[in-house]
Amino acid sequence: MTAAAERFVGAADHAVRRRGSFVVALAGGSTPEGLYRRLAGESYRNRVDWSSVEVFWGDERCVPRDDAASNYRMTREALLDRVPIPAANIHRLRGEEEPAIAARDYERALRARFGTPQGPPRAGSGFDLVLLGLGSDGHTASLFPGSTALLERERWALPVPGPVGLPWRVTLTPVVFRAAREVLFLVTGRGKSPALRRVLEGAGPSAEEPARLIVPPQGTVRWLVDSGAAAGLSGTGSESA
């Protein structure tokens with residue numbers, strides 16, 4: 001996670017110097033958790049101006065805030081409770097609400113923060129950094145293959161069904177992710193290798209590999225992958241996580 005932590009610190013420093021704040025969309029999952037614990041550790045905690053950091057989430061499960069499945073809970077325990085970030089700078093997606101209401105309210109919060117009352121966000125005017133993972137089926141955030149959310153052009157947040165037997169979720173939509181200044185994918189483990197190859201080297205419909213939709217026209221996409229995830233690539237310029 002050293003490369004990911006260094007990229008987070010660099011993006012935060014650049015954004016604070018240029019714009020006075022660093023607005024980041026965090027991801028759930030075990031790989032980002034390792035990054036968050038690294039950032040909260042002694043080597044990195046004091047390298048970020050946490051008073052200037054604003055935190056949102058790319059998606060959330062529709063569960064109470066203290067549920068073991070909550071992305072907010074994981075992030076709070078791994079990072080937010082361990083760094084001096086003001087409570088007002090933490091913009092939680094309220095998964096305990098009815099999914100449609102949670103999505104509506106989060107979209108309102110995002111639009112208010114970015115000053116875009118209507119329509120999609122302008123390219124390059126959104127998050128300073130978006131952290132995303134990759135599922136073995138090619139999904140990212142809670143954008144799953146074949147989901148109607150992949151076709152969204154106006155809405156910023158939508159309720160979506162989770163995998164069979166699991167809770168509903170609220171996810172930000174591709175239009176929000178594509179407005180970011182930087183998107184950082186974190187992918188680890190040999191089990192993700194086939195999906196990573198399909199996303200980076202495939203030529204099929206992007207609706208079958210949602211991560212392929214996340215290409216900001218005025219931003220940067222970086223892939224930080226470990227040797228296991230990269231094992232199936234024919235050649236990679238991706239950095240090690």
# chains A, B, ... in the order shown; residues from 1 in each chain; ligands from 1
$ select_by_dssp --residues "region 50-237 of chain A" --states "strand (DSSP E)" --output "JSON, numbers by chain"
{"A": [53, 54, 55, 56, 57, 59, 60, 61, 129, 130, 131, 132, 157, 158, 159, 160, 169, 170, 171, 172, 182, 183, 184, 185, 186, 187, 220, 221, 222, 223, 224, 225]}
$ write_last_selection --atoms "C-alpha atoms" --output "mmCIF file, in the first residue's frame"
data_model
loop_
_atom_site.group_PDB
_atom_site.id
_atom_site.type_symbol
_atom_site.label_atom_id
_atom_site.label_comp_id
_atom_site.auth_asym_id
_atom_site.auth_seq_id
_atom_site.Cartn_x
_atom_site.Cartn_y
_atom_site.Cartn_z
ATOM 1 C CA VAL A 53 -9.779 17.144 3.657
ATOM 2 C CA GLU A 54 -13.435 16.514 2.790
ATOM 3 C CA VAL A 55 -14.553 12.901 2.638
ATOM 4 C CA PHE A 56 -17.390 11.378 0.622
ATOM 5 C CA TRP A 57 -18.014 7.766 -0.407
ATOM 6 C CA ASP A 59 -20.999 3.791 -2.628
ATOM 7 C CA GLU A 60 -22.552 2.359 0.497
ATOM 8 C CA ARG A 61 -24.560 -0.668 1.518
ATOM 9 C CA LEU A 129 -9.423 12.001 -6.059
ATOM 10 C CA VAL A 130 -11.726 9.004 -6.392
ATOM 11 C CA LEU A 131 -10.633 5.672 -4.938
ATOM 12 C CA LEU A 132 -12.152 2.616 -6.587
ATOM 13 C CA ALA A 157 -26.448 8.915 -7.027
ATOM 14 C CA LEU A 158 -28.805 5.979 -7.474
ATOM 15 C CA PRO A 159 -30.192 3.106 -5.398
ATOM 16 C CA VAL A 160 -29.223 -0.266 -6.859
ATOM 17 C CA ARG A 169 -26.831 -0.168 -2.126
ATOM 18 C CA VAL A 170 -26.485 3.457 -3.111
ATOM 19 C CA THR A 171 -23.811 4.251 -5.667
ATOM 20 C CA LEU A 172 -22.461 7.321 -7.362
ATOM 21 C CA GLU A 182 -8.008 11.765 -10.689
ATOM 22 C CA VAL A 183 -9.298 8.207 -10.334
ATOM 23 C CA LEU A 184 -7.155 5.645 -8.540
ATOM 24 C CA PHE A 185 -8.048 1.958 -8.907
ATOM 25 C CA LEU A 186 -6.624 -0.376 -6.262
ATOM 26 C CA VAL A 187 -6.611 -4.041 -7.261
ATOM 27 C CA THR A 220 -6.220 10.950 -14.902
ATOM 28 C CA VAL A 221 -6.807 7.256 -14.270
ATOM 29 C CA ARG A 222 -4.174 5.283 -12.400
ATOM 30 C CA TRP A 223 -4.170 1.555 -11.702
ATOM 31 C CA LEU A 224 -2.206 0.328 -8.695
ATOM 32 C CA VAL A 225 -2.126 -3.465 -8.764
#
$ residues_around --residues "Tyr36 (chain A)" --least-positions-apart "6" --cutoff "8 Å" --atoms "only C-alpha atoms" --output "MDAnalysis selection string"
chainID A and resid 75 78:79
$ write_last_selection --atoms "N, CA, C and O atoms" --output "mmCIF file, in the first residue's frame"
data_model
loop_
_atom_site.group_PDB
_atom_site.id
_atom_site.type_symbol
_atom_site.label_atom_id
_atom_site.label_comp_id
_atom_site.auth_asym_id
_atom_site.auth_seq_id
_atom_site.Cartn_x
_atom_site.Cartn_y
_atom_site.Cartn_z
ATOM 1 N N THR A 75 -14.278 2.533 7.258
ATOM 2 C CA THR A 75 -13.420 3.695 7.056
ATOM 3 C C THR A 75 -13.208 4.460 8.358
ATOM 4 O O THR A 75 -12.106 4.937 8.641
ATOM 5 N N ALA A 78 -10.768 2.377 10.508
ATOM 6 C CA ALA A 78 -9.419 2.258 9.959
ATOM 7 C C ALA A 78 -8.707 3.596 9.835
ATOM 8 O O ALA A 78 -7.480 3.666 9.958
ATOM 9 N N LEU A 79 -9.477 4.693 9.618
ATOM 10 C CA LEU A 79 -8.854 5.969 9.296
ATOM 11 C C LEU A 79 -9.425 7.160 10.068
ATOM 12 O O LEU A 79 -8.698 7.855 10.770
#
$ closest_residue --among "A:Arg45, A:Ala179, A:Pro32, A:Ala230" --to "Ala123 (chain A)" --atoms "only C-alpha atoms"
A:Ala179
$ closest_residue --among "A:Gly191, A:Pro210, A:Gly34, A:Ala87" --to "Thr148 (chain A)" --atoms "only C-alpha atoms"
A:Pro210
$ closest_residue --among "A:Ala112, A:Val23, A:Val48, A:Ala103" --to "Asn89 (chain A)" --atoms "only C-alpha atoms"
A:Val23
$ closest_residue --among "A:Glu96, A:Glu33, A:Glu154, A:Glu77" --to "Ala4 (chain A)" --atoms "only C-alpha atoms"
A:Glu33
$ residues_around --residues "region 117-119 of chain A" --least-positions-apart "4" --cutoff "9 Å" --atoms "only C-alpha atoms" --output "number ranges by chain"
A: 108, 111-112, 153-156
$ write_last_selection --atoms "N, CA, C and O atoms" --output "PDB file, in the first residue's frame"
ATOM      1  N   ARG A 108     -28.090  15.582  -3.365  1.00  0.00           N
ATOM      2  CA  ARG A 108     -28.246  16.978  -2.963  1.00  0.00           C
ATOM      3  C   ARG A 108     -26.982  17.490  -2.284  1.00  0.00           C
ATOM      4  O   ARG A 108     -26.530  18.616  -2.547  1.00  0.00           O
ATOM      5  N   ARG A 111     -24.260  17.963  -4.968  1.00  0.00           N
ATOM      6  CA  ARG A 111     -24.528  19.128  -5.816  1.00  0.00           C
ATOM      7  C   ARG A 111     -24.244  20.424  -5.057  1.00  0.00           C
ATOM      8  O   ARG A 111     -23.703  21.387  -5.627  1.00  0.00           O
ATOM      9  N   ALA A 112     -24.594  20.460  -3.780  1.00  0.00           N
ATOM     10  CA  ALA A 112     -24.324  21.654  -2.979  1.00  0.00           C
ATOM     11  C   ALA A 112     -22.820  21.862  -2.830  1.00  0.00           C
ATOM     12  O   ALA A 112     -22.333  23.004  -2.931  1.00  0.00           O
ATOM     13  N   ARG A 153     -27.146   9.585 -17.213  1.00  0.00           N
ATOM     14  CA  ARG A 153     -26.449  10.752 -17.744  1.00  0.00           C
ATOM     15  C   ARG A 153     -26.695  12.020 -16.932  1.00  0.00           C
ATOM     16  O   ARG A 153     -26.035  13.029 -17.152  1.00  0.00           O
ATOM     17  N   GLU A 154     -27.645  11.984 -15.989  1.00  0.00           N
ATOM     18  CA  GLU A 154     -27.986  13.184 -15.229  1.00  0.00           C
ATOM     19  C   GLU A 154     -27.829  12.999 -13.727  1.00  0.00           C
ATOM     20  O   GLU A 154     -27.255  13.857 -13.059  1.00  0.00           O
ATOM     21  N   ARG A 155     -28.351  11.900 -13.211  1.00  0.00           N
ATOM     22  CA  ARG A 155     -28.338  11.675 -11.771  1.00  0.00           C
ATOM     23  C   ARG A 155     -26.928  11.411 -11.275  1.00  0.00           C
ATOM     24  O   ARG A 155     -26.101  10.829 -11.958  1.00  0.00           O
ATOM     25  N   TRP A 156     -26.668  11.844 -10.044  1.00  0.00           N
ATOM     26  CA  TRP A 156     -25.348  11.663  -9.438  1.00  0.00           C
ATOM     27  C   TRP A 156     -25.275  10.450  -8.518  1.00  0.00           C
ATOM     28  O   TRP A 156     -24.198   9.906  -8.286  1.00  0.00           O
TER      29      TRP A 156
END
$ closest_residue --among "A:Met74, A:Leu150, A:Leu233, A:Leu200" --to "Leu213 (chain A)" --atoms "only C-alpha atoms"
A:Leu150
$ select_by_dssp --residues "region 28-236 of chain A" --states "helix (DSSP H, G or I)" --output "ChimeraX atom specification"
/A:30-40,45-47,50-52,71-78,80-82,87-89,99-114,148-151,174-177,190-201,206-208,210-213,229-232
$ atom_distance --atom1 "CA of Thr31 (chain A)" --atom2 "CA of Pro167 (chain A)"
21.0 Å
$ closest_residue --among "A:Gly126, A:Gly20, A:Gly162, A:Pro194" --to "Gly219 (chain A)" --atoms "only C-alpha atoms"
A:Gly126
$ atom_distance --atom1 "CA of Ile85 (chain A)" --atom2 "CA of Tyr106 (chain A)"
20.2 Å
$ atom_distance --atom1 "CA of Glu209 (chain A)" --atom2 "CA of Arg190 (chain A)"
17.8 Å
